[in-house]
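Undergrad: Let me give you the structure first, and then I'll get to my questions.
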Amino acid sequence: MNAAASDRQVDAPREALFLPMSERDVAEVMVLEVAAYAFPWTRGNFVDSLRHGYAGVCLRVDARLVGYFIAMAVVDELHLLNVCVAPAEQGRGYGRALMEQVRALAAATGMASVLLEVRPSNARALGLYERLGFERVGQRRAYYPAAGGLREDAIVMRLSL
């Protein structure tokens, strides 16, 4: 998301609903996941996350799935494992809205911070996270799969609450 587009408000905030993700949602989630990522999670990744009690949230607008996230509580930190906005819906403020839900979940459950990893090549996400107050706190070498059998580092970011 570019700076101007990602700071816009959701087009119709009254129509945006944040709902718990269930296994019934996974087929629909996979459609977005595969459209958005060159190296998507598998169906099993989502199902296992939900079965282990990780927080999964779907963002629906007019009943359409436009985004989601999966997060795991670790002691006093909420670790954001996956966040996605449908490619056709990017630039409408949904990424920001999802991240605000992540922050609200962390605060409501007594977490001290939110942690995430992001590809250095994902400039739109990096910009959004920085505008939301996340700070770079580390790097994980060769964390993500990349084209040609290569690996891409991850930037580790934290938002203190």
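Within each chain, counting starts at residue 1; across the structure tokens, chains are named A, B, ... in the order shown, with ligands numbered 1 upward in that order.
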Would you list the contacts of Pro40 (chain A) as a PyMOL selection string, taking every protein, DNA or RNA residue within 12 Å and counting only C-alpha atoms, but skipping same-chain residues closer than 4 positions in sequence?
TA: chain A and resi 29-36+44-46+82-84+144-146
Undergrad: Okay, now the selection with C-alpha atoms, as a tab-separated table (two decimals), in the first residue's frame?
TA:
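And here's part22.tsv as it stands now:
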chain	number	residue	atom	x	y	z
A	29	VAL	CA	-9.35	-17.57	3.01
A	30	MET	CA	-7.21	-19.76	0.75
A	31	VAL	CA	-8.55	-18.00	-2.35
A	32	LEU	CA	-7.22	-14.68	-1.01
A	33	GLU	CA	-4.00	-16.22	0.30
A	34	VAL	CA	-3.10	-17.74	-3.07
A	35	ALA	CA	-4.02	-14.52	-4.93
A	36	ALA	CA	-1.94	-12.33	-2.62
A	44	GLY	CA	-3.14	-27.09	6.81
A	45	ASN	CA	-1.33	-24.03	8.19
A	46	PHE	CA	-4.66	-22.27	8.72
A	82	ASN	CA	-0.31	-13.83	8.77
A	83	VAL	CA	-2.24	-10.79	7.59
A	84	CYS	CA	-3.74	-10.37	4.15
A	144	TYR	CA	11.08	-16.57	3.70
A	145	PRO	CA	11.14	-18.68	0.53
A	146	ALA	CA	11.86	-16.64	-2.59
Undergrad: Pick out each residue of region 5-159 of chain A that DSSP on the backbone tags as strand (DSSP E); I need them as a ChimeraX atom specification.
TA: /A:16-20,55-61,64-74,77-85,113-118,135-145,151-159
Undergrad: Quick one: pull the distance between CA of Val137 (chain A) and CA of Leu50 (chain A), Å, one decimal.
TA: 27.7 Å
Undergrad: Residues near Arg141 (chain A), anyone? I mean within 12 Å using only C-alpha atoms, not counting same-chain ones fewer than 3 positions away, as an MDAnalysis selection string.
TA: chainID A and resid 117:120 138 144:145 150:156
Undergrad: Need the shell around Leu132 (chain A): protein/DNA/RNA residues with any atom at most 10 Å away, counting only C-alpha atoms. Skip same-chain ones fewer than 2 positions apart. Format as number ranges by chain?
TA: A: 96, 99-100, 103, 126-130, 134-135, 159
Undergrad: Could you dump the residues just selected with C-alpha atoms as a PDB file, in the first residue's frame?
TA:
ATOM      1  CA  ARG A  96      -4.885  -0.415   8.484  1.00  0.00           C
ATOM      2  CA  MET A  99      -3.840  -3.900  12.004  1.00  0.00           C
ATOM      3  CA  GLU A 100      -5.974  -1.786  14.338  1.00  0.00           C
ATOM      4  CA  ARG A 103      -3.628  -3.906  18.237  1.00  0.00           C
ATOM      5  CA  LEU A 126       6.700  -1.885   5.833  1.00  0.00           C
ATOM      6  CA  GLY A 127       5.431   1.651   5.326  1.00  0.00           C
ATOM      7  CA  LEU A 128       2.077   0.859   6.922  1.00  0.00           C
ATOM      8  CA  TYR A 129       3.667  -0.826   9.931  1.00  0.00           C
ATOM      9  CA  GLU A 130       6.037   2.100  10.459  1.00  0.00           C
ATOM     10  CA  PHE A 134       6.020  -0.487  14.726  1.00  0.00           C
ATOM     11  CA  GLU A 135       9.787  -0.337  15.166  1.00  0.00           C
ATOM     12  CA  LEU A 159       4.737  -2.348  18.517  1.00  0.00           C
TER      13      LEU A 159
END
Undergrad: I'd like the interatomic distance between CA of Ala88 (chain A) and CA of Thr42 (chain A), to a tenth of an Å.
TA: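 So the two atoms, CA of Ala88 (chain A) and CA of Thr42 (chain A), lie 21.1 Å apart.
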Undergrad: Please provide the set of residues having any atom within 10 Å of Tyr68 (chain A), restricted to only C-alpha atoms, with same-chain residues fewer than 2 positions apart removed, written as a ChimeraX atom specification.
TA: /A:18-21,29,32-33,56-60,65-66,70,82-86,94-95,98-99
Undergrad: Determine, counting only C-alpha atoms, which protein, DNA and RNA residues have an atom within 10 Å of an atom of Gly53 (chain A); residues of the same chain fewer than 4 positions away are not included. Present the result as an NGL selection string.
TA: :A and (48-49 or 71-73)
Undergrad: I need the residues from that last selection saved to file as a compact mmCIF listing (two decimals), in the first residue's frame (with N, CA, C and O atoms), if you can.
TA:
# COMPACT_ATOMS: atom_id res chain seq x y z
N ASP A 48 -4.42 -25.87 11.30
CA ASP A 48 -3.62 -26.13 12.50
C ASP A 48 -3.60 -24.92 13.43
O ASP A 48 -3.72 -25.07 14.65
N SER A 49 -3.48 -23.73 12.88
CA SER A 49 -3.47 -22.51 13.70
C SER A 49 -4.78 -22.37 14.47
O SER A 49 -4.78 -22.08 15.67
N ALA A 71 -3.08 -14.64 14.57
CA ALA A 71 -2.10 -14.20 15.56
C ALA A 71 -2.04 -15.19 16.71
O ALA A 71 -3.05 -15.83 17.04
N MET A 72 -0.89 -15.28 17.32
CA MET A 72 -0.64 -16.23 18.40
C MET A 72 -0.13 -15.48 19.63
O MET A 72 0.81 -14.67 19.52
N ALA A 73 -0.74 -15.74 20.77
CA ALA A 73 -0.26 -15.15 22.02
C ALA A 73 0.93 -15.95 22.53
O ALA A 73 0.88 -17.18 22.60
Undergrad: Can you work out the spacing between CA of Leu80 (chain A) and CA of Ser160 (chain A) in Å, to one decimal?
TA: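 Interatomic distance here is 13.5 Å.
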Undergrad: Choose the residue, out of A:Ala97, A:Ala16, A:Leu81, A:Val26, that has the smallest atom-to-atom separation from Ala55 (chain A); count only C-alpha atoms.
TA: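 Answer, going by the shortest atom-to-atom distance: A:Leu81.
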